[in-house]
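Q: This one is target-v8.cif, mmCIF, C-alpha atoms, pLDDT in the B column; chains and numbers go by the auth columns.
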```
data_run
#
loop_
_atom_site.group_PDB
_atom_site.id
_atom_site.type_symbol
_atom_site.label_atom_id
_atom_site.label_comp_id
_atom_site.label_asym_id
_atom_site.label_seq_id
_atom_site.Cartn_x
_atom_site.Cartn_y
_atom_site.Cartn_z
_atom_site.B_iso_or_equiv
_atom_site.auth_seq_id
_atom_site.auth_asym_id
ATOM 1 C CA MET A 1 0.000 0.000 0.000 44.00 28 A
ATOM 2 C CA VAL A 2 1.318 3.445 -0.957 43.00 29 A
ATOM 3 C CA VAL A 3 0.095 6.763 0.423 44.00 30 A
ATOM 4 C CA SER A 4 1.329 10.157 -0.699 44.00 31 A
ATOM 5 C CA ALA A 5 1.300 13.073 1.713 50.00 32 A
ATOM 6 C CA SER A 6 2.430 16.072 -0.344 55.00 33 A
ATOM 7 C CA THR A 7 5.963 15.106 -1.372 69.00 34 A
ATOM 8 C CA THR A 8 6.214 12.319 1.174 84.00 35 A
ATOM 9 C CA LYS A 9 5.908 8.768 -0.099 92.00 36 A
ATOM 10 C CA ILE A 10 4.490 6.462 2.558 93.00 37 A
ATOM 11 C CA THR A 11 4.409 2.680 2.257 91.00 38 A
ATOM 12 C CA TRP A 12 3.692 -0.099 4.711 91.00 39 A
ATOM 13 C CA GLU A 13 6.309 -2.819 4.784 90.00 40 A
ATOM 14 C CA LEU A 14 7.341 -5.333 7.415 91.00 41 A
ATOM 15 C CA LEU A 15 10.717 -4.846 9.014 87.00 42 A
ATOM 16 C CA PRO A 16 13.347 -7.319 7.846 87.00 43 A
ATOM 17 C CA GLU A 17 14.263 -9.921 10.436 83.00 44 A
ATOM 18 C CA ASP A 18 17.820 -8.604 10.581 82.00 45 A
ATOM 19 C CA PHE A 19 16.755 -4.979 11.103 83.00 46 A
ATOM 20 C CA ILE A 20 18.419 -3.667 14.256 79.00 47 A
ATOM 21 C CA LEU A 21 16.011 -1.839 16.515 77.00 48 A
ATOM 22 C CA ASP A 22 17.148 0.834 18.915 72.00 49 A
ATOM 23 C CA ASP A 23 17.481 -0.481 22.436 60.00 50 A
ATOM 24 C CA GLU A 24 17.739 2.741 24.368 59.00 51 A
ATOM 25 C CA PRO A 25 16.516 3.035 27.970 51.00 52 A
ATOM 26 C CA VAL A 26 13.380 5.044 28.669 54.00 53 A
ATOM 27 C CA ASP A 27 13.854 8.761 29.269 60.00 54 A
ATOM 28 C CA ASN A 28 12.262 8.786 32.705 68.00 55 A
ATOM 29 C CA VAL A 29 11.939 6.236 35.497 73.00 56 A
ATOM 30 C CA ASN A 30 8.222 7.029 35.793 83.00 57 A
ATOM 31 C CA GLN A 31 7.348 6.181 32.186 89.00 58 A
ATOM 32 C CA PRO A 32 6.925 2.407 32.628 91.00 59 A
ATOM 33 C CA SER A 33 4.715 2.903 35.683 94.00 60 A
ATOM 34 C CA LEU A 34 2.534 5.494 33.944 96.00 61 A
ATOM 35 C CA ALA A 35 2.075 3.226 30.945 96.00 62 A
ATOM 36 C CA ALA A 36 1.436 0.091 33.002 96.00 63 A
ATOM 37 C CA ALA A 37 -1.233 1.896 35.015 97.00 64 A
ATOM 38 C CA LEU A 38 -3.134 2.804 31.839 98.00 65 A
ATOM 39 C CA THR A 39 -3.075 -0.744 30.496 98.00 66 A
ATOM 40 C CA GLU A 40 -3.880 -2.455 33.792 97.00 67 A
ATOM 41 C CA SER A 41 -7.103 -0.549 34.421 97.00 68 A
ATOM 42 C CA LEU A 42 -8.282 -1.198 30.860 98.00 69 A
ATOM 43 C CA GLU A 43 -7.667 -4.924 31.198 97.00 70 A
ATOM 44 C CA LEU A 44 -9.294 -5.242 34.619 97.00 71 A
ATOM 45 C CA ALA A 45 -12.353 -3.346 33.400 97.00 72 A
ATOM 46 C CA GLY A 46 -12.746 -5.643 30.380 96.00 73 A
ATOM 47 C CA LYS A 47 -11.857 -2.802 28.011 97.00 74 A
ATOM 48 C CA LEU A 48 -8.911 -4.522 26.352 97.00 75 A
ATOM 49 C CA PRO A 49 -10.193 -7.037 23.773 95.00 76 A
ATOM 50 C CA GLU A 50 -8.004 -9.974 22.764 94.00 77 A
ATOM 51 C CA THR A 51 -7.550 -8.480 19.290 95.00 78 A
ATOM 52 C CA ALA A 52 -6.475 -5.098 20.679 97.00 79 A
ATOM 53 C CA LEU A 53 -2.895 -4.084 21.363 97.00 80 A
ATOM 54 C CA ALA A 54 -1.677 -1.771 24.118 97.00 81 A
ATOM 55 C CA THR A 55 2.016 -0.977 23.792 96.00 82 A
ATOM 56 C CA THR A 56 4.732 0.609 25.879 95.00 83 A
ATOM 57 C CA ASN A 57 7.905 1.944 24.257 93.00 84 A
ATOM 58 C CA TYR A 58 7.279 -0.392 21.334 94.00 85 A
ATOM 59 C CA GLY A 59 8.143 0.288 17.710 95.00 86 A
ATOM 60 C CA ILE A 60 5.368 1.313 15.297 97.00 87 A
ATOM 61 C CA CYS A 61 6.670 1.266 11.746 96.00 88 A
ATOM 62 C CA ALA A 62 6.200 2.835 8.340 96.00 89 A
ATOM 63 C CA THR A 63 8.366 3.314 5.286 95.00 90 A
ATOM 64 C CA VAL A 64 8.824 6.979 4.391 95.00 91 A
ATOM 65 C CA ASN A 65 10.479 7.805 1.089 93.00 92 A
ATOM 66 C CA ASP A 66 11.740 4.209 0.945 93.00 93 A
ATOM 67 C CA LYS A 67 13.342 4.393 4.392 94.00 94 A
ATOM 68 C CA PHE A 68 12.103 2.550 7.444 94.00 95 A
ATOM 69 C CA VAL A 69 10.876 4.795 10.255 95.00 96 A
ATOM 70 C CA ILE A 70 10.166 3.415 13.703 95.00 97 A
ATOM 71 C CA LYS A 71 8.774 5.462 16.553 95.00 98 A
ATOM 72 C CA ALA A 72 8.137 3.975 19.972 94.00 99 A
ATOM 73 C CA PRO A 73 5.431 5.968 21.787 95.00 100 A
ATOM 74 C CA ASP A 74 5.469 5.805 25.553 95.00 101 A
ATOM 75 C CA TRP A 75 1.979 4.304 25.275 97.00 102 A
ATOM 76 C CA ALA A 76 -0.242 3.417 22.328 98.00 103 A
ATOM 77 C CA TYR A 77 -3.503 1.608 21.690 98.00 104 A
ATOM 78 C CA VAL A 78 -4.342 -0.322 18.530 98.00 105 A
ATOM 79 C CA PRO A 79 -8.033 -1.332 18.405 98.00 106 A
ATOM 80 C CA GLN A 80 -7.459 -4.430 16.290 97.00 107 A
ATOM 81 C CA ILE A 81 -4.560 -6.472 15.022 97.00 108 A
ATOM 82 C CA THR A 82 -5.088 -8.942 12.189 97.00 109 A
ATOM 83 C CA VAL A 83 -2.104 -11.221 12.746 97.00 110 A
ATOM 84 C CA SER A 84 -0.995 -13.435 15.593 96.00 111 A
ATOM 85 C CA ARG A 85 0.907 -11.852 18.447 95.00 112 A
ATOM 86 C CA GLU A 86 3.915 -13.986 17.567 94.00 113 A
ATOM 87 C CA GLN A 87 4.223 -11.938 14.363 95.00 114 A
ATOM 88 C CA ILE A 88 4.408 -8.601 16.176 95.00 115 A
ATOM 89 C CA GLN A 89 6.856 -9.412 18.940 91.00 116 A
ATOM 90 C CA ARG A 90 9.507 -6.995 17.636 89.00 117 A
ATOM 91 C CA SER A 91 7.435 -4.243 16.045 94.00 118 A
ATOM 92 C CA TYR A 92 4.088 -3.393 14.481 97.00 119 A
ATOM 93 C CA THR A 93 3.267 -2.151 10.981 97.00 120 A
ATOM 94 C CA PRO A 94 -0.212 -0.640 10.532 98.00 121 A
ATOM 95 C CA HIS A 95 -2.256 -1.683 7.489 96.00 122 A
ATOM 96 C CA LYS A 96 -0.023 -4.753 7.135 96.00 123 A
ATOM 97 C CA GLN A 97 -0.731 -6.211 10.578 97.00 124 A
ATOM 98 C CA GLY A 98 -3.842 -4.388 11.704 98.00 125 A
ATOM 99 C CA GLN A 99 -5.391 -0.983 12.230 98.00 126 A
ATOM 100 C CA ILE A 100 -3.596 2.265 12.857 97.00 127 A
ATOM 101 C CA PRO A 101 -3.280 3.224 16.525 98.00 128 A
ATOM 102 C CA ALA A 102 -6.305 5.045 17.912 98.00 129 A
ATOM 103 C CA VAL A 103 -4.165 6.753 20.547 98.00 130 A
ATOM 104 C CA VAL A 104 -0.470 7.474 20.981 98.00 131 A
ATOM 105 C CA MET A 105 0.967 9.091 24.083 97.00 132 A
ATOM 106 C CA GLU A 106 4.237 10.720 24.936 95.00 133 A
ATOM 107 C CA PHE A 107 5.188 11.487 28.522 94.00 134 A
ATOM 108 C CA LEU A 108 7.049 14.754 28.202 88.00 135 A
ATOM 109 C CA SER A 109 10.656 14.399 29.219 70.00 136 A
ATOM 110 C CA ASP A 110 12.886 15.483 26.339 62.00 137 A
ATOM 111 C CA PRO A 111 14.356 18.939 26.960 60.00 138 A
ATOM 112 C CA ASP A 112 14.451 19.524 23.206 64.00 139 A
ATOM 113 C CA GLY A 113 10.679 19.079 22.905 73.00 140 A
ATOM 114 C CA SER A 114 10.887 16.284 20.326 81.00 141 A
ATOM 115 C CA GLU A 115 7.262 15.396 21.096 87.00 142 A
ATOM 116 C CA TYR A 116 6.307 18.539 19.145 87.00 143 A
ATOM 117 C CA SER A 117 8.748 18.054 16.277 90.00 144 A
ATOM 118 C CA ASN A 118 7.174 18.550 12.837 89.00 145 A
ATOM 119 C CA LYS A 119 10.424 17.763 11.046 90.00 146 A
ATOM 120 C CA HIS A 120 9.663 16.310 7.602 88.00 147 A
ATOM 121 C CA THR A 121 13.120 15.153 6.568 89.00 148 A
ATOM 122 C CA TYR A 122 14.535 11.813 7.596 90.00 149 A
ATOM 123 C CA PRO A 123 14.189 10.858 10.349 89.00 150 A
ATOM 124 C CA PRO A 124 10.870 12.683 10.712 93.00 151 A
ATOM 125 C CA GLY A 125 9.772 14.223 13.996 94.00 152 A
ATOM 126 C CA LYS A 126 7.233 12.575 16.262 95.00 153 A
ATOM 127 C CA TRP A 127 4.483 15.116 15.559 96.00 154 A
ATOM 128 C CA PHE A 128 4.878 14.773 11.801 96.00 155 A
ATOM 129 C CA TYR A 129 5.065 10.996 12.029 96.00 156 A
ATOM 130 C CA TYR A 130 1.910 10.588 14.115 97.00 157 A
ATOM 131 C CA GLU A 131 -0.066 13.251 12.257 97.00 158 A
ATOM 132 C CA GLN A 132 0.971 12.895 8.622 96.00 159 A
ATOM 133 C CA VAL A 133 2.357 9.378 8.316 97.00 160 A
ATOM 134 C CA LEU A 134 0.378 7.205 10.741 97.00 161 A
ATOM 135 C CA GLN A 135 -2.540 9.669 10.929 97.00 162 A
ATOM 136 C CA VAL A 136 -3.332 8.691 14.512 98.00 163 A
ATOM 137 C CA PRO A 137 -6.693 10.213 15.574 98.00 164 A
ATOM 138 C CA ASN A 138 -5.541 11.144 19.090 98.00 165 A
ATOM 139 C CA TYR A 139 -2.094 12.376 20.092 98.00 166 A
ATOM 140 C CA ILE A 140 -1.661 12.872 23.824 98.00 167 A
ATOM 141 C CA ILE A 141 1.243 14.666 25.477 96.00 168 A
ATOM 142 C CA PHE A 142 1.453 14.396 29.261 96.00 169 A
ATOM 143 C CA GLN A 143 3.872 16.159 31.572 94.00 170 A
ATOM 144 C CA PRO A 144 3.746 14.000 34.725 94.00 171 A
ATOM 145 C CA ASP A 145 5.867 16.279 36.904 93.00 172 A
ATOM 146 C CA ILE A 146 3.250 19.045 36.843 94.00 173 A
ATOM 147 C CA GLY A 147 0.170 17.119 35.700 95.00 174 A
ATOM 148 C CA GLU A 148 -0.213 19.046 32.436 95.00 175 A
ATOM 149 C CA LEU A 149 -2.188 17.221 29.756 97.00 176 A
ATOM 150 C CA GLU A 150 -2.528 18.157 26.086 97.00 177 A
ATOM 151 C CA ILE A 151 -4.797 16.193 23.765 98.00 178 A
ATOM 152 C CA TYR A 152 -4.714 16.754 20.037 98.00 179 A
ATOM 153 C CA HIS A 153 -7.353 15.375 17.690 98.00 180 A
ATOM 154 C CA LEU A 154 -6.803 14.820 13.974 97.00 181 A
ATOM 155 C CA HIS A 155 -9.399 16.914 12.173 94.00 182 A
ATOM 156 C CA GLU A 156 -10.750 16.410 8.688 89.00 183 A
ATOM 157 C CA HIS A 157 -8.210 18.910 7.311 90.00 184 A
ATOM 158 C CA GLY A 158 -5.478 16.429 8.282 93.00 185 A
ATOM 159 C CA HIS A 159 -3.839 18.353 11.119 96.00 186 A
ATOM 160 C CA TYR A 160 -3.928 18.088 14.882 97.00 187 A
ATOM 161 C CA LYS A 161 -6.042 20.543 16.841 97.00 188 A
ATOM 162 C CA LEU A 162 -5.714 21.060 20.581 97.00 189 A
ATOM 163 C CA ARG A 163 -8.847 20.012 22.452 97.00 190 A
ATOM 164 C CA SER A 164 -10.481 21.584 25.478 97.00 191 A
ATOM 165 C CA SER A 165 -11.481 19.511 28.492 97.00 192 A
ATOM 166 C CA ASP A 166 -15.029 19.152 29.814 96.00 193 A
ATOM 167 C CA GLU A 167 -16.315 20.516 33.124 96.00 194 A
ATOM 168 C CA ASN A 168 -14.575 17.629 34.940 96.00 195 A
ATOM 169 C CA ASN A 169 -11.229 18.333 33.260 96.00 196 A
ATOM 170 C CA ARG A 170 -11.582 15.136 31.247 98.00 197 A
ATOM 171 C CA TYR A 171 -11.565 14.333 27.545 98.00 198 A
ATOM 172 C CA TRP A 172 -13.878 11.895 25.769 98.00 199 A
ATOM 173 C CA LEU A 173 -12.018 9.627 23.341 98.00 200 A
ATOM 174 C CA THR A 174 -14.585 8.280 20.912 97.00 201 A
ATOM 175 C CA GLU A 175 -12.308 5.516 19.656 95.00 202 A
ATOM 176 C CA MET A 176 -11.828 4.244 23.216 96.00 203 A
ATOM 177 C CA GLU A 177 -15.379 4.989 24.394 97.00 204 A
ATOM 178 C CA LEU A 178 -13.765 6.331 27.557 98.00 205 A
ATOM 179 C CA PHE A 179 -12.794 9.578 29.208 98.00 206 A
ATOM 180 C CA ILE A 180 -9.173 10.284 30.051 98.00 207 A
ATOM 181 C CA GLY A 181 -7.921 12.805 32.576 98.00 208 A
ATOM 182 C CA VAL A 182 -5.341 13.596 35.228 98.00 209 A
ATOM 183 C CA TRP A 183 -5.585 12.050 38.686 98.00 210 A
ATOM 184 C CA GLN A 184 -3.355 12.814 41.642 97.00 211 A
ATOM 185 C CA GLY A 185 -2.464 10.166 44.178 96.00 212 A
ATOM 186 C CA LYS A 186 -0.184 7.269 45.027 94.00 213 A
ATOM 187 C CA ARG A 187 0.607 4.047 43.216 92.00 214 A
ATOM 188 C CA GLU A 188 3.676 1.806 43.464 87.00 215 A
ATOM 189 C CA ASN A 189 5.250 4.177 45.998 86.00 216 A
ATOM 190 C CA ARG A 190 5.016 7.067 43.526 92.00 217 A
ATOM 191 C CA GLN A 191 3.045 10.063 44.753 94.00 218 A
ATOM 192 C CA GLY A 192 2.116 12.351 41.902 95.00 219 A
ATOM 193 C CA TYR A 193 0.057 12.829 38.763 97.00 220 A
ATOM 194 C CA TRP A 194 -1.301 9.922 36.725 97.00 221 A
ATOM 195 C CA LEU A 195 -3.442 9.479 33.648 98.00 222 A
ATOM 196 C CA ARG A 196 -6.691 7.654 34.411 98.00 223 A
ATOM 197 C CA TRP A 197 -9.712 6.324 32.512 98.00 224 A
ATOM 198 C CA TRP A 198 -13.378 6.962 33.311 98.00 225 A
ATOM 199 C CA ASP A 199 -16.359 5.294 31.621 97.00 226 A
ATOM 200 C CA GLN A 200 -19.229 7.205 30.041 96.00 227 A
ATOM 201 C CA ASP A 201 -21.059 7.288 33.383 97.00 228 A
ATOM 202 C CA GLY A 202 -18.102 8.901 35.111 96.00 229 A
ATOM 203 C CA ASN A 203 -16.946 5.766 36.939 97.00 230 A
ATOM 204 C CA LEU A 204 -13.194 5.528 37.455 98.00 231 A
ATOM 205 C CA LEU A 205 -11.549 2.413 36.007 98.00 232 A
ATOM 206 C CA LEU A 206 -9.705 0.980 38.962 97.00 233 A
ATOM 207 C CA TRP A 207 -6.242 -0.488 39.336 97.00 234 A
ATOM 208 C CA GLY A 208 -5.735 -3.918 40.847 95.00 235 A
ATOM 209 C CA SER A 209 -4.618 -2.506 44.190 93.00 236 A
ATOM 210 C CA GLU A 210 -7.761 -0.377 44.322 94.00 237 A
ATOM 211 C CA LEU A 211 -9.975 -3.345 43.519 94.00 238 A
ATOM 212 C CA VAL A 212 -8.330 -5.301 46.338 93.00 239 A
ATOM 213 C CA GLN A 213 -8.854 -2.388 48.698 89.00 240 A
ATOM 214 C CA GLN A 214 -12.448 -2.069 47.518 88.00 241 A
ATOM 215 C CA GLU A 215 -13.017 -5.767 48.181 86.00 242 A
ATOM 216 C CA ARG A 216 -11.464 -5.473 51.645 87.00 243 A
ATOM 217 C CA LEU A 217 -13.661 -2.493 52.409 84.00 244 A
ATOM 218 C CA ALA A 218 -16.745 -4.345 51.204 85.00 245 A
ATOM 219 C CA LYS A 219 -15.881 -7.336 53.407 86.00 246 A
ATOM 220 C CA GLU A 220 -15.249 -5.042 56.371 82.00 247 A
ATOM 221 C CA GLN A 221 -18.575 -3.302 55.806 85.00 248 A
ATOM 222 C CA GLU A 222 -20.271 -6.693 55.530 85.00 249 A
ATOM 223 C CA ARG A 223 -18.635 -7.784 58.815 86.00 250 A
ATOM 224 C CA LEU A 224 -19.712 -4.596 60.541 85.00 251 A
ATOM 225 C CA ALA A 225 -23.233 -4.966 59.170 85.00 252 A
ATOM 226 C CA LYS A 226 -23.420 -8.519 60.533 87.00 253 A
ATOM 227 C CA GLU A 227 -22.106 -7.384 63.904 86.00 254 A
ATOM 228 C CA THR A 228 -24.647 -4.566 63.984 87.00 255 A
ATOM 229 C CA ALA A 229 -27.440 -6.964 63.087 87.00 256 A
ATOM 230 C CA GLN A 230 -26.311 -9.409 65.763 88.00 257 A
ATOM 231 C CA ARG A 231 -26.155 -6.624 68.362 90.00 258 A
ATOM 232 C CA GLN A 232 -29.678 -5.641 67.414 90.00 259 A
ATOM 233 C CA VAL A 233 -30.846 -9.245 67.800 86.00 260 A
ATOM 234 C CA ASN A 234 -29.115 -9.451 71.180 89.00 261 A
ATOM 235 C CA GLN A 235 -30.629 -6.148 72.290 90.00 262 A
ATOM 236 C CA GLU A 236 -34.103 -7.287 71.234 90.00 263 A
ATOM 237 C CA ARG A 237 -33.650 -10.602 73.085 90.00 264 A
ATOM 238 C CA LEU A 238 -32.409 -8.771 76.188 88.00 265 A
ATOM 239 C CA ALA A 239 -35.348 -6.368 76.005 88.00 266 A
ATOM 240 C CA LYS A 240 -37.787 -9.295 75.804 91.00 267 A
ATOM 241 C CA GLU A 241 -36.076 -11.068 78.702 88.00 268 A
ATOM 242 C CA THR A 242 -36.178 -7.878 80.787 89.00 269 A
ATOM 243 C CA ALA A 243 -39.837 -7.305 79.989 87.00 270 A
ATOM 244 C CA LEU A 244 -40.665 -10.904 80.893 87.00 271 A
ATOM 245 C CA LYS A 245 -38.836 -10.622 84.225 90.00 272 A
ATOM 246 C CA ARG A 246 -40.704 -7.425 85.039 89.00 273 A
ATOM 247 C CA LEU A 247 -43.994 -9.129 84.210 86.00 274 A
ATOM 248 C CA GLU A 248 -43.106 -12.067 86.450 87.00 275 A
ATOM 249 C CA GLN A 249 -42.143 -9.679 89.269 88.00 276 A
ATOM 250 C CA LEU A 250 -45.419 -7.795 88.884 84.00 277 A
ATOM 251 C CA GLU A 251 -47.438 -11.009 88.955 84.00 278 A
ATOM 252 C CA LYS A 252 -45.590 -12.109 92.121 84.00 279 A
ATOM 253 C CA ARG A 253 -46.290 -8.782 93.856 85.00 280 A
ATOM 254 C CA LEU A 254 -49.960 -9.101 92.938 82.00 281 A
ATOM 255 C CA ARG A 255 -50.117 -12.641 94.321 84.00 282 A
ATOM 256 C CA ASP A 256 -48.329 -11.590 97.511 79.00 283 A
ATOM 257 C CA ALA A 257 -50.883 -8.790 97.910 81.00 284 A
ATOM 258 C CA GLY A 258 -53.723 -11.305 97.545 79.00 285 A
ATOM 259 C CA ILE A 259 -54.738 -9.961 94.190 77.00 286 A
ATOM 260 C CA SER A 260 -55.325 -12.549 91.498 65.00 287 A
ATOM 261 C CA ASP A 261 -57.071 -12.730 88.156 59.00 288 A
#
```
Represent the supplied structure as structure tokens.

A:
Amino acid sequence: MVVSASTTKITWELLPEDFILDDEPVDNVNQPSLAAALTESLELAGKLPETALATTNYGICATVNDKFVIKAPDWAYVPQITVSREQIQRSYTPHKQGQIPAVVMEFLSDPDGSEYSNKHTYPPGKWFYYEQVLQVPNYIIFQPDIGELEIYHLHEHGHYKLRSSDENNRYWLTEMELFIGVWQGKRENRQGYWLRWWDQDGNLLLWGSELVQQERLAKEQERLAKETAQRQVNQERLAKETALKRLEQLEKRLRDAGISD
């Protein structure tokens, strides 16, 4: 398949087996945790179908002007792959192996601002690659240190446009059928800002640790409810026993006074 974007020739070809992928460490120690948190809550909520692909620092490929280009977003979501997972262990090529990503995310860390690079020449910048080559509908840039979130949507004119949040400071992603927004709290001993998902009813998609805590709380509430019910039963029994004793004492006083029925 060949796509032309102005003077840019775009084709979709599988990487050769002997192609050497970059094996650089992530830019920030928080990136794996931020990405894992996004994927975990989707999976636990049943929002990650078997044919979908959620990636972390994983190469998404295209061939631009007959040269392979691989970008590895900090997090990405592909709604459907059309090949076995064994065939995409090293990298993923849209159109050849499934759909284009619905979402790509970059967690801002590069001092040179490469997340905003619109460089057309080889190797192209991230912005240009996601917008003009892959044509990803949603490009998300998150600055975890200060909790700043920017969401760009690909409009019909073929360029990204910055979106505004709703009254809850969240953004509805049609392709995900979920809201995304910034949440502040603690996970894995990291206190700070996180990206979280909410469903269309505003319910937060929980992490595993939160589900465990929720289950513990439910069990504790159930235990307390049982204890309260048992106390009530005991109080009612004690009240009946007390009333019966008083009745017996009254009957005895009446008999002792020579008064009978």

Q: Which residues are close to region 157-169 of chain A, i.e. within 7 Å by only C-alpha atoms, leaving aside same-chain residues fewer than 2 positions away? Reply as a PyMOL selection string.

A: chain A and resi 32+37+127-135+153-155+171+175-181+186-187

Q: Show me, as lines of an AutoDock Vina configuration file, the centre and edge lengths in Å to one decimal of the axis-aligned box that covers every listed atom of region 59-67 of chain A with 6 Å on each side.

A:
```
center_x = 1.5
center_y = 1.5
center_z = 33.1
size_x = 22.8
size_y = 19.9
size_z = 17.2
```

Q: I need the output of the PyMOL selection byres ((chain A and resi 115) around 12) for this file as a count of residues only; which residues are they?

A: 25

Q: May I ask for the distance between CA of Trp102 (chain A) and CA of Leu61 (chain A), given in Å to one decimal place?

A: 8.8 Å

Q: Separation of CA of Glu40 (chain A) and CA of Val96 (chain A), in Å?

A: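 According to the coordinates, CA of Glu40 (chain A) and CA of Val96 (chain A) are separated by 10.4 Å.
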
Q: Using all atoms listed in the file, which of A:Leu189, A:Ala81, A:Leu244, A:Ile207 sits nearest Leu222 (chain A)?

A: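 Once distances to Leu222 (chain A) are computed over all atoms listed in the file, the minimum belongs to A:Ile207.
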
Q: I'd like the interatomic distance between CA of Leu75 (chain A) and CA of Glu194 (chain A), to a tenth of an Å.

A: 27.0 Å

Q: From the set A:His182, A:Arg197, A:Arg214, A:Arg282, which residue has the shortest atom-to-atom contact distance to Gly229 (chain A), counting only C-alpha atoms?

A: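 Closest candidate: A:Arg197.
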
Q: Write out as a ChimeraX atom specification each polymer residue whose atoms come within 8 Å of Asp93 (chain A), counting all atoms listed in the file; drop sequence neighbours fewer than 3 positions from it.

A: /A:36-38,90

Q: Could you rebuild region 202-216 of chain A with N, CA, C and O atoms and give it back as a tab-separated table (two decimals), in the coordinates of the input?

A:
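Result saved to out08.tsv:
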```
chain	number	residue	atom	x	y	z
A	202	GLU	N	-12.86	6.80	20.07
A	202	GLU	CA	-12.31	5.52	19.66
A	202	GLU	C	-12.15	4.55	20.83
A	202	GLU	O	-12.17	3.33	20.64
A	203	MET	N	-11.98	5.08	22.03
A	203	MET	CA	-11.83	4.24	23.22
A	203	MET	C	-13.14	4.07	23.96
A	203	MET	O	-13.27	3.18	24.81
A	204	GLU	N	-14.11	4.93	23.66
A	204	GLU	CA	-15.38	4.99	24.39
A	204	GLU	C	-15.13	5.17	25.89
A	204	GLU	O	-15.77	4.57	26.74
A	205	LEU	N	-14.16	6.04	26.18
A	205	LEU	CA	-13.76	6.33	27.56
A	205	LEU	C	-13.32	7.79	27.66
A	205	LEU	O	-12.91	8.40	26.68
A	206	PHE	N	-13.40	8.29	28.89
A	206	PHE	CA	-12.79	9.58	29.21
A	206	PHE	C	-11.37	9.33	29.69
A	206	PHE	O	-11.07	8.30	30.29
A	207	ILE	N	-10.52	10.31	29.47
A	207	ILE	CA	-9.17	10.28	30.05
A	207	ILE	C	-8.93	11.62	30.74
A	207	ILE	O	-9.43	12.67	30.30
A	208	GLY	N	-8.21	11.58	31.84
A	208	GLY	CA	-7.92	12.80	32.58
A	208	GLY	C	-6.79	12.58	33.56
A	208	GLY	O	-6.24	11.48	33.68
A	209	VAL	N	-6.45	13.64	34.26
A	209	VAL	CA	-5.34	13.60	35.23
A	209	VAL	C	-5.90	13.31	36.62
A	209	VAL	O	-6.92	13.87	37.02
A	210	TRP	N	-5.22	12.44	37.31
A	210	TRP	CA	-5.58	12.05	38.69
A	210	TRP	C	-4.34	12.16	39.54
A	210	TRP	O	-3.24	11.80	39.12
A	211	GLN	N	-4.50	12.65	40.75
A	211	GLN	CA	-3.36	12.81	41.64
A	211	GLN	C	-3.47	11.87	42.82
A	211	GLN	O	-4.52	11.80	43.47
A	212	GLY	N	-2.44	11.11	43.07
A	212	GLY	CA	-2.46	10.17	44.18
A	212	GLY	C	-1.23	9.28	44.17
A	212	GLY	O	-0.22	9.60	43.53
A	213	LYS	N	-1.34	8.14	44.85
A	213	LYS	CA	-0.18	7.27	45.03
A	213	LYS	C	-0.43	5.90	44.42
A	213	LYS	O	-1.50	5.32	44.53
A	214	ARG	N	0.60	5.42	43.76
A	214	ARG	CA	0.61	4.05	43.22
A	214	ARG	C	2.07	3.62	43.13
A	214	ARG	O	2.94	4.39	42.70
A	215	GLU	N	2.32	2.37	43.54
A	215	GLU	CA	3.68	1.81	43.46
A	215	GLU	C	4.71	2.75	44.10
A	215	GLU	O	5.78	3.00	43.54
A	216	ASN	N	4.35	3.30	45.24
A	216	ASN	CA	5.25	4.18	46.00
A	216	ASN	C	5.59	5.48	45.26
A	216	ASN	O	6.53	6.18	45.65
```
